>>> print(open('start-v1.cif').read())   # mmCIF, C-alpha atoms
data_input
loop_
_atom_site.label_atom_id
_atom_site.label_comp_id
_atom_site.auth_asym_id
_atom_site.auth_seq_id
_atom_site.Cartn_x
_atom_site.Cartn_y
_atom_site.Cartn_z
CA MET A 641 151.24 43.37 103.96
CA LYS A 642 150.69 46.24 101.52
CA ALA A 643 147.03 45.30 101.25
CA TYR A 644 146.82 45.27 105.04
CA ASN A 645 148.44 48.72 105.33
CA LYS A 646 146.14 50.02 102.62
CA LYS A 647 143.15 48.73 104.56
CA ILE A 648 144.41 50.43 107.76
CA GLY A 649 144.92 53.69 105.86
CA LEU A 650 141.37 53.51 104.54
CA ILE A 651 140.07 52.99 108.08
CA VAL A 652 142.00 56.07 109.28
CA VAL A 653 140.52 58.21 106.49
CA ILE A 654 137.01 57.00 107.27
CA ILE A 655 137.48 57.75 110.97
CA PHE A 656 138.33 61.39 110.21
CA LEU A 657 135.55 61.72 107.65
CA ILE A 658 132.82 60.51 110.04
CA PRO A 659 132.52 63.77 112.03
CA LEU A 660 132.62 65.89 108.87
CA ILE A 661 129.91 63.84 107.17
CA SER A 662 127.79 63.73 110.33
CA PHE A 663 128.06 67.49 110.80
CA GLY A 664 127.16 68.09 107.16
CA VAL A 665 124.09 65.86 107.33
CA LEU A 666 122.87 67.45 110.55
CA THR A 667 123.44 70.96 109.21
CA SER A 668 121.59 70.19 105.98
CA PHE A 669 118.67 68.68 107.83
CA TYR A 670 118.25 71.23 110.61
CA GLY A 671 119.95 74.34 109.26
CA THR A 672 123.09 76.08 110.49
CA SER A 673 123.45 77.04 114.12
CA PRO A 674 122.64 80.76 114.45
CA LYS A 675 125.47 83.07 115.50
CA LYS A 676 123.03 85.66 116.74
CA SER A 677 119.35 85.53 117.61
CA GLU A 678 118.40 87.92 114.84
CA ASP A 679 120.23 85.75 112.31
CA SER A 680 118.05 82.85 113.43
CA LEU A 681 114.94 84.92 112.94
CA LYS A 682 116.04 86.08 109.48
CA THR A 683 116.45 82.44 108.52
CA ALA A 684 112.98 81.78 109.90
CA ALA A 685 111.62 84.77 108.02
CA ASN A 686 112.83 83.28 104.76
CA ILE A 687 110.76 80.15 105.24
CA HIS A 688 107.79 81.31 107.31
CA THR A 689 105.48 81.76 104.34
CA SER A 690 105.47 77.97 104.03
CA ALA A 691 104.88 77.42 107.76
CA SER A 692 101.17 76.87 107.35
CA ASN A 693 101.04 74.84 110.56
CA VAL A 694 101.41 78.00 112.68
CA SER A 695 98.11 78.48 114.47
CA ILE A 696 97.02 81.72 116.15
CA LEU A 697 94.13 82.24 118.56
CA VAL A 698 93.07 85.91 118.38
CA TYR A 699 91.22 87.27 121.40
CA SER A 700 88.73 89.71 119.86
CA GLN A 701 85.95 90.08 122.46
CA TYR A 702 86.50 93.80 123.20
CA ALA A 703 88.68 94.76 120.23
CA ASP A 704 87.97 97.40 117.58
CA GLU A 705 86.76 95.05 114.84
CA LEU A 706 86.14 97.84 112.30
CA ARG A 707 89.68 99.20 112.05
CA GLU A 708 92.35 98.03 114.48
CA LEU A 709 91.69 94.29 114.38
CA PRO A 710 91.59 94.16 110.54
CA ASN A 711 94.76 96.29 110.47
CA THR A 712 96.44 93.88 112.90
CA ILE A 713 95.69 90.91 110.65
CA GLN A 714 96.81 92.89 107.61
CA ALA A 715 100.08 93.72 109.38
CA ILE A 716 100.71 90.00 109.92
CA ASN A 717 99.95 89.29 106.28
CA ASP A 718 102.30 92.08 105.16
CA SER A 719 105.22 91.09 107.36
CA TYR A 720 104.84 87.36 107.98
CA GLY A 721 102.77 86.11 105.07
CA THR A 722 99.36 84.53 104.73
CA GLU A 723 100.24 80.88 105.23
CA TYR A 724 98.98 80.47 108.78
CA TYR A 725 95.76 79.49 110.51
CA TYR A 726 93.86 81.64 112.97
CA GLU A 727 90.54 81.77 114.72
CA ASN A 728 88.85 84.28 117.02
CA LEU A 729 88.22 83.82 120.72
CA THR A 730 85.09 85.90 121.33
CA ASP A 731 84.45 84.92 124.95
CA TYR A 732 87.32 84.94 127.45
CA THR A 733 85.69 82.16 129.50
CA ASN A 734 86.32 79.75 126.61
CA LEU A 735 90.12 80.09 126.63
CA ASN A 736 90.75 76.70 128.24
CA THR A 737 88.78 74.87 125.58
CA GLU A 738 89.96 76.89 122.55
CA LEU A 739 93.67 77.50 123.27
CA PRO A 740 94.88 73.87 122.98
CA GLY A 741 96.32 73.21 119.52
CA HIS A 742 97.35 76.84 118.96
CA ASP A 743 100.95 78.09 118.98
CA ILE A 744 100.15 81.74 119.70
CA LEU A 745 97.62 83.71 121.71
CA LEU A 746 97.35 87.16 120.14
CA ILE A 747 95.65 89.81 122.27
CA PRO A 748 94.91 92.94 120.23
CA GLU A 749 94.09 96.09 122.16
CA GLN A 750 90.80 95.50 124.00
CA GLU A 751 89.53 99.01 123.35
CA TYR A 752 86.00 98.49 124.63
CA ALA A 753 86.82 96.69 127.88
CA SER A 754 86.84 98.38 131.28
CA TYR A 755 89.79 98.08 133.63
CA PHE A 756 87.70 95.82 135.84
CA GLN A 757 86.91 93.52 132.92
CA LEU A 758 90.58 93.35 131.89
CA GLU A 759 91.70 92.45 135.41
CA THR A 760 88.97 89.82 135.58
CA ILE A 761 90.24 88.30 132.34
CA GLY A 762 93.84 88.26 133.55
CA ASN A 763 92.91 86.60 136.83
CA ALA A 764 90.85 83.96 135.02
CA TRP A 765 93.66 83.24 132.56
CA ALA A 766 96.60 83.21 135.00
CA ALA A 767 97.21 79.47 135.37
CA THR A 768 96.40 78.62 131.75
CA LEU A 769 98.69 81.26 130.26
CA THR A 770 101.61 80.44 132.54
CA THR A 771 101.43 76.76 131.63
CA PHE A 772 100.96 77.58 127.93
CA VAL A 773 104.08 79.76 127.79
CA ILE A 774 106.30 77.50 129.88
CA LYS A 775 105.52 74.64 127.50
CA GLY A 776 106.53 76.69 124.47
CA GLY A 777 103.54 78.88 123.66
CA ILE A 778 103.72 82.54 122.69
CA VAL A 779 101.51 85.34 124.01
CA ILE A 780 101.49 88.70 122.19
CA LEU A 781 99.62 91.68 123.66
CA LEU A 782 99.02 95.05 121.98
CA ASP A 783 97.96 98.12 123.91
CA HIS A 784 97.03 101.79 123.71
CA HIS A 785 93.53 102.07 125.20
CA TRP A 786 92.94 105.74 124.35
CA GLY A 787 96.44 106.66 125.45
CA SER A 788 96.22 105.46 129.03
CA GLY A 789 96.95 101.75 128.62
CA GLY A 790 94.58 99.10 129.84
CA THR A 791 94.99 95.83 127.97
CA LEU A 792 98.28 95.51 129.87
CA LEU A 793 96.17 94.70 132.93
CA ILE A 794 95.72 91.19 131.48
CA TYR A 795 99.47 90.69 131.89
CA ASN A 796 99.51 92.24 135.37
CA ALA A 797 96.58 90.22 136.67
CA SER A 798 97.80 86.96 135.13
CA GLY A 799 101.32 87.43 136.49
CA LEU A 800 103.00 87.19 133.08
CA MET A 801 104.46 90.71 133.47
CA GLU A 802 104.48 93.56 135.95
CA ILE A 803 103.73 96.96 134.39
CA TYR A 804 103.31 100.08 136.51
CA GLY A 805 101.90 102.50 133.97
CA SER A 806 102.18 103.86 130.43
CA THR A 807 102.68 107.08 128.46
CA SER A 808 101.26 108.02 125.07
CA ILE A 809 104.10 108.51 122.57
CA SER A 810 102.23 108.82 119.25
CA GLY A 811 104.30 110.82 116.76
CA LEU A 812 107.52 110.67 118.78
CA ASP A 813 110.84 109.11 117.79
CA VAL A 814 111.51 105.60 119.09
CA TYR A 815 114.73 103.61 119.00
CA VAL A 816 115.82 99.99 118.70
CA VAL A 817 117.89 99.36 121.84
CA LYS A 818 118.33 95.59 121.54
CA ALA A 819 119.35 94.97 117.94
CA TYR A 820 120.21 91.32 118.63
CA ASP A 821 116.75 90.45 119.87
CA PRO A 822 114.66 88.45 117.35
CA LEU A 823 111.90 91.07 117.43
CA ALA A 824 114.30 93.71 116.08
CA ALA A 825 115.21 91.88 112.85
CA ASP A 826 114.83 94.20 109.82
CA VAL A 827 113.43 97.03 111.98
CA SER A 828 114.77 100.55 111.38
CA SER A 829 117.09 101.71 114.17
CA THR A 830 114.91 104.81 114.59
CA PHE A 831 111.33 105.42 113.47
CA ILE A 832 108.31 107.51 114.37
CA ALA A 833 105.75 105.88 116.65
CA PRO A 834 102.42 105.74 114.79
CA ALA A 835 99.09 106.98 116.09
CA GLY A 836 98.00 104.78 118.97
CA SER A 837 101.43 104.18 120.55
CA LEU A 838 102.56 103.81 124.18
CA SER A 839 105.69 103.31 126.20
CA PHE A 840 105.52 101.30 129.42
CA ASN A 841 106.83 101.89 132.90
CA THR A 842 108.15 98.42 133.64
CA THR A 843 111.29 96.63 134.73
CA GLU A 844 110.50 93.60 132.58
CA THR A 845 113.22 92.44 130.23
CA THR A 846 114.10 92.72 127.47
CA SER A 847 113.37 96.22 126.18
CA VAL A 848 113.70 96.00 122.40
CA VAL A 849 112.36 99.42 121.32
CA ASP A 850 112.02 102.46 123.59
CA ASP A 851 111.27 106.17 123.52
CA GLY A 852 114.61 107.07 125.07
CA ILE A 853 113.30 106.39 128.59
CA ASN A 854 110.71 103.60 128.70
CA PRO A 855 110.16 100.56 126.46
CA MET A 856 107.62 100.44 123.67
CA VAL A 857 108.39 96.79 122.81
CA VAL A 858 109.19 94.23 125.50
CA HIS A 859 110.25 90.61 124.96
CA LYS A 860 110.28 88.17 127.87
CA VAL A 861 111.30 84.51 127.80
CA LEU A 862 109.53 82.16 130.20
CA GLY A 863 110.32 78.46 130.16
CA ASN A 864 110.27 77.35 126.53
CA GLY A 865 107.97 80.15 125.41
CA HIS A 866 107.82 83.91 124.89
CA ILE A 867 105.78 86.85 126.15
CA VAL A 868 105.62 89.96 123.97
CA LEU A 869 104.28 93.40 124.92
CA LEU A 870 103.71 95.87 122.07
CA GLY A 871 102.88 99.52 122.65
CA PHE A 872 100.80 100.10 119.54
CA ASP A 873 97.29 99.16 118.43
CA PHE A 874 97.44 99.40 114.60
CA PHE A 875 95.04 102.30 114.46
CA ASP A 876 97.34 103.00 111.53
CA ILE A 877 99.60 100.43 109.88
CA GLU A 878 103.27 101.36 110.23
CA SER A 879 105.86 99.19 108.48
CA ASN A 880 108.27 98.80 111.41
CA CYS A 881 105.46 97.91 113.80
CA SER A 882 104.20 95.38 111.25
CA THR A 883 107.69 93.87 111.07
CA ILE A 884 107.87 93.62 114.87
CA LEU A 885 104.54 91.81 114.94
CA GLY A 886 105.65 89.48 112.14
CA ASN A 887 108.87 88.78 114.03
CA SER A 888 106.77 87.95 117.09
CA ILE A 889 104.91 85.33 115.04
CA CYS A 890 108.28 83.94 113.92
CA LEU A 891 109.18 83.18 117.53
CA THR A 892 107.28 79.92 117.02
CA LEU A 893 110.31 78.73 115.06
CA LEU A 894 112.60 79.46 117.99
CA SER A 895 110.49 78.00 120.80
CA ASN A 896 111.44 74.57 122.09
CA GLY A 897 108.00 73.21 122.80
CA SER A 898 109.32 69.79 123.71
CA GLY A 899 111.13 71.15 126.74
CA GLY A 900 114.08 68.90 125.92
CA LEU A 901 117.78 69.63 126.05
CA VAL A 902 119.06 71.56 123.06
CA ILE A 903 122.56 70.51 121.96
CA SER A 904 124.46 72.65 119.46
CA PHE A 905 125.97 71.17 116.32
CA GLY A 906 129.39 72.32 117.52
CA SER A 907 128.99 70.14 120.60
CA ILE A 908 127.87 67.19 118.49
CA TYR A 909 130.86 67.66 116.18
CA LEU A 910 133.27 67.82 119.13
CA ILE A 911 131.82 64.68 120.72
CA ILE A 912 132.04 62.68 117.48
CA THR A 913 135.60 63.92 116.85
CA LEU A 914 136.70 62.86 120.34
CA ILE A 915 135.17 59.42 119.83
CA CYS A 916 137.04 59.06 116.54
CA ILE A 917 140.36 60.15 118.08
CA ILE A 918 139.95 57.66 120.92
CA SER A 919 139.17 54.96 118.35
CA LEU A 920 142.28 55.88 116.34
CA VAL A 921 144.50 55.77 119.43
CA GLY A 922 143.11 52.33 120.25
CA LEU A 923 143.80 51.19 116.69
CA GLN A 924 147.40 52.43 116.87
CA LYS A 925 148.01 50.55 120.13
CA ARG A 926 146.55 47.42 118.60
CA LEU A 927 148.88 47.67 115.60
CA LYS A 928 151.86 48.33 117.88
CA TYR A 929 151.39 45.09 119.78
CA LYS A 930 150.22 43.00 116.84
#
>>> encode(input="start-v1.cif", output="structure tokens")
Amino acid sequence: MKAYNKKIGLIVVIIFLIPLISFGVLTSFYGTSPKKSEDSLKTAANIHTSASNVSILVYSQYADELRELPNTIQAINDSYGTEYYYENLTDYTNLNTELPGHDILLIPEQEYASYFQLETIGNAWAATLTTFVIKGGIVILLDHHWGSGGTLLIYNASGLMEIYGSTSISGLDVYVVKAYDPLAADVSSTFIAPAGSLSFNTTETTSVVDDGINPMVVHKVLGNGHIVLLGFDFFDIESNCSTILGNSICLTLLSNGSGGLVISFGSIYLIITLICIISLVGLQKRLKYK
């Protein structure tokens, strides 16, 4: 009888240990559930230098390849690290054949494109970009265009965002207004907008950095992916802008490209605990009538 009771006691202990062990294994394998979005990004930032599978397609057809494009790549290296793959898209008509296999489409300021050309590009890309983002892709667009904006027309024409205009804010103070957004991780609460900066007249959400009136940095979630609008062109490299761009790259670690249901570890723990309690109640009833 003692041996039988000892066996029952061992079963009870195991039943209560199952959810704890399961939760521990899941947490170790996947990482802890983030309390805030910026905490998640900081975790990602600690491991992104080893994420060499991140692949970026850089649209460079009308970009300033002597200064701004090299500065943009340098800003990624400074803030994100160098362990990533990228290639240049030099002809917008080749997007459909070159985008597959990439996690990010990066659109530096297209300084040498006319407004007509930019609208043509956006119209041609509309269906491809929408599908790409919904499935978990990330599109990042930088703009200044001699202070009047212009590259933003790719977003307007493609339907990814609706932007009504822009204002040059080079040299003015800008402010982080959404500290919990992943793009704001490790960014100073206030900094001076570098040369080649804009704010946008738009109702798109979420404004992450603004000039006190209009957003300079906009982050939009669509489906499983992300759309980022940055009001600077890296004419000069500024550390906070570099960090924002690096954080934009890190969004690949937050996107759910599979489109599947995401269940938190807390939910898993609760489900397993309930199963164990039901099992224990059943065991008690069995012993009562034995």
>>> resolve_selection(input="start-v1.cif", expression="the PyMOL selection byres ((chain A and resi 711) around 10)", output="list in words")
Asp704, Glu705, Leu706, Arg707, Glu708, Leu709, Pro710, Thr712, Ile713, Gln714, Ala715, Ile716, Asn717, Asp873, Phe874, Phe875, Asp876, Ile877, Glu878 and Ser882 of chain A
>>> residues_around(input="start-v1.cif", residues="Thr730 (chain A)", least_positions_apart="5", cutoff="12 Å", atoms="only C-alpha atoms", output="list in words")
Leu697, Val698, Tyr699, Ser700, Gln701, Tyr702, Ala703, Glu705, Leu735, Glu738, Ile747 and Gln750 of chain A
>>> closest_residue(input="start-v1.cif", among="A:Phe756, A:Tyr732, A:Phe831, A:Tyr720", to="Gly811 (chain A)", atoms="only C-alpha atoms")
A:Phe831
>>> resolve_selection(input="start-v1.cif", expression="the PyMOL selection byres ((chain A and resi 812) around 8)", output="list of chain:residue names")
A:Ile809, A:Ser810, A:Gly811, A:Asp813, A:Val814, A:Ile832, A:Ala833, A:Asp851
>>> resolve_selection(input="start-v1.cif", expression="the PyMOL selection byres ((chain A and resi 769-771) around 10)", output="ChimeraX atom specification")
/A:735-736,739,745,762,764-768,772-779,795,798-800,862-863,865,867
>>> closest_residue(input="start-v1.cif", among="A:Asp743, A:Glu749, A:Asp718, A:Glu759", to="Ser837 (chain A)", atoms="all atoms listed in the file")
A:Glu749
>>> decode(input="start-v1.cif", residues="region 803-885 of chain A", atoms="C-alpha atoms", output="PDB file, in the first residue's frame")
ATOM      1  CA  ILE A 803       1.284  61.001 -48.286  1.00  0.00           C
ATOM      2  CA  TYR A 804       0.044  64.486 -49.131  1.00  0.00           C
ATOM      3  CA  GLY A 805       3.281  66.448 -49.036  1.00  0.00           C
ATOM      4  CA  SER A 806       6.523  67.082 -47.159  1.00  0.00           C
ATOM      5  CA  THR A 807       8.550  69.827 -45.473  1.00  0.00           C
ATOM      6  CA  SER A 808      12.322  70.172 -45.249  1.00  0.00           C
ATOM      7  CA  ILE A 809      13.414  70.014 -41.587  1.00  0.00           C
ATOM      8  CA  SER A 810      17.216  69.782 -41.878  1.00  0.00           C
ATOM      9  CA  GLY A 811      18.859  71.136 -38.729  1.00  0.00           C
ATOM     10  CA  LEU A 812      15.655  71.210 -36.663  1.00  0.00           C
ATOM     11  CA  ASP A 813      14.890  69.304 -33.467  1.00  0.00           C
ATOM     12  CA  VAL A 814      12.913  66.076 -33.862  1.00  0.00           C
ATOM     13  CA  TYR A 815      11.319  63.930 -31.179  1.00  0.00           C
ATOM     14  CA  VAL A 816      10.569  60.268 -30.549  1.00  0.00           C
ATOM     15  CA  VAL A 817       6.795  60.144 -30.051  1.00  0.00           C
ATOM     16  CA  LYS A 818       6.293  56.371 -30.024  1.00  0.00           C
ATOM     17  CA  ALA A 819       8.976  55.007 -27.716  1.00  0.00           C
ATOM     18  CA  TYR A 820       7.444  51.516 -27.695  1.00  0.00           C
ATOM     19  CA  ASP A 821       7.680  51.103 -31.451  1.00  0.00           C
ATOM     20  CA  PRO A 822      10.512  48.773 -32.562  1.00  0.00           C
ATOM     21  CA  LEU A 823      12.019  51.503 -34.739  1.00  0.00           C
ATOM     22  CA  ALA A 824      12.602  53.691 -31.669  1.00  0.00           C
ATOM     23  CA  ALA A 825      14.817  51.231 -29.765  1.00  0.00           C
ATOM     24  CA  ASP A 826      18.031  52.935 -28.568  1.00  0.00           C
ATOM     25  CA  VAL A 827      17.129  56.200 -30.343  1.00  0.00           C
ATOM     26  CA  SER A 828      17.631  59.462 -28.425  1.00  0.00           C
ATOM     27  CA  SER A 829      14.327  61.010 -27.324  1.00  0.00           C
ATOM     28  CA  THR A 830      15.352  64.248 -29.048  1.00  0.00           C
ATOM     29  CA  PHE A 831      17.974  64.821 -31.738  1.00  0.00           C
ATOM     30  CA  ILE A 832      18.773  67.214 -34.558  1.00  0.00           C
ATOM     31  CA  ALA A 833      17.589  66.201 -38.024  1.00  0.00           C
ATOM     32  CA  PRO A 834      20.644  65.890 -40.284  1.00  0.00           C
ATOM     33  CA  ALA A 835      21.102  67.537 -43.662  1.00  0.00           C
ATOM     34  CA  GLY A 836      18.663  66.001 -46.115  1.00  0.00           C
ATOM     35  CA  SER A 837      15.696  65.524 -43.750  1.00  0.00           C
ATOM     36  CA  LEU A 838      11.926  65.798 -44.261  1.00  0.00           C
ATOM     37  CA  SER A 839       8.711  65.534 -42.323  1.00  0.00           C
ATOM     38  CA  PHE A 840       5.608  64.193 -44.064  1.00  0.00           C
ATOM     39  CA  ASN A 841       2.033  65.372 -44.236  1.00  0.00           C
ATOM     40  CA  THR A 842       0.284  62.047 -43.803  1.00  0.00           C
ATOM     41  CA  THR A 843      -2.301  60.325 -41.655  1.00  0.00           C
ATOM     42  CA  GLU A 844      -0.506  56.982 -41.878  1.00  0.00           C
ATOM     43  CA  THR A 845       0.255  55.243 -38.618  1.00  0.00           C
ATOM     44  CA  THR A 846       2.380  54.934 -36.655  1.00  0.00           C
ATOM     45  CA  SER A 847       4.373  58.156 -36.321  1.00  0.00           C
ATOM     46  CA  VAL A 848       7.570  57.195 -34.503  1.00  0.00           C
ATOM     47  CA  VAL A 849       9.623  60.404 -34.821  1.00  0.00           C
ATOM     48  CA  ASP A 850       8.208  63.843 -35.654  1.00  0.00           C
ATOM     49  CA  ASP A 851       9.158  67.507 -35.818  1.00  0.00           C
ATOM     50  CA  GLY A 852       6.482  68.501 -33.323  1.00  0.00           C
ATOM     51  CA  ILE A 853       3.799  68.585 -36.027  1.00  0.00           C
ATOM     52  CA  ASN A 854       4.381  66.021 -38.779  1.00  0.00           C
ATOM     53  CA  PRO A 855       6.152  62.643 -38.766  1.00  0.00           C
ATOM     54  CA  MET A 856       9.706  62.128 -39.929  1.00  0.00           C
ATOM     55  CA  VAL A 857       9.591  58.338 -39.362  1.00  0.00           C
ATOM     56  CA  VAL A 858       6.460  56.303 -40.083  1.00  0.00           C
ATOM     57  CA  HIS A 859       5.942  52.595 -39.380  1.00  0.00           C
ATOM     58  CA  LYS A 860       2.962  50.768 -40.868  1.00  0.00           C
ATOM     59  CA  VAL A 861       2.032  47.113 -40.399  1.00  0.00           C
ATOM     60  CA  LEU A 862       0.295  45.375 -43.287  1.00  0.00           C
ATOM     61  CA  GLY A 863      -0.569  41.701 -43.046  1.00  0.00           C
ATOM     62  CA  ASN A 864       2.519  39.914 -41.749  1.00  0.00           C
ATOM     63  CA  GLY A 865       4.929  42.564 -42.996  1.00  0.00           C
ATOM     64  CA  HIS A 866       6.028  46.152 -42.427  1.00  0.00           C
ATOM     65  CA  ILE A 867       6.218  49.392 -44.398  1.00  0.00           C
ATOM     66  CA  VAL A 868       8.706  52.023 -43.233  1.00  0.00           C
ATOM     67  CA  LEU A 869       8.952  55.654 -44.376  1.00  0.00           C
ATOM     68  CA  LEU A 870      12.109  57.550 -43.399  1.00  0.00           C
ATOM     69  CA  GLY A 871      12.495  61.286 -43.908  1.00  0.00           C
ATOM     70  CA  PHE A 872      16.245  61.368 -44.441  1.00  0.00           C
ATOM     71  CA  ASP A 873      18.592  60.428 -47.272  1.00  0.00           C
ATOM     72  CA  PHE A 874      21.977  59.914 -45.538  1.00  0.00           C
ATOM     73  CA  PHE A 875      23.573  62.862 -47.261  1.00  0.00           C
ATOM     74  CA  ASP A 876      25.309  62.855 -43.895  1.00  0.00           C
ATOM     75  CA  ILE A 877      25.427  59.895 -41.515  1.00  0.00           C
ATOM     76  CA  GLU A 878      23.686  60.666 -38.221  1.00  0.00           C
ATOM     77  CA  SER A 879      23.814  58.060 -35.457  1.00  0.00           C
ATOM     78  CA  ASN A 880      20.116  58.111 -34.536  1.00  0.00           C
ATOM     79  CA  CYS A 881      19.047  57.853 -38.168  1.00  0.00           C
ATOM     80  CA  SER A 882      21.471  54.959 -38.588  1.00  0.00           C
ATOM     81  CA  THR A 883      19.913  53.248 -35.571  1.00  0.00           C
ATOM     82  CA  ILE A 884      16.416  53.729 -36.996  1.00  0.00           C
ATOM     83  CA  LEU A 885      17.492  52.154 -40.270  1.00  0.00           C
TER      84      LEU A 885
END
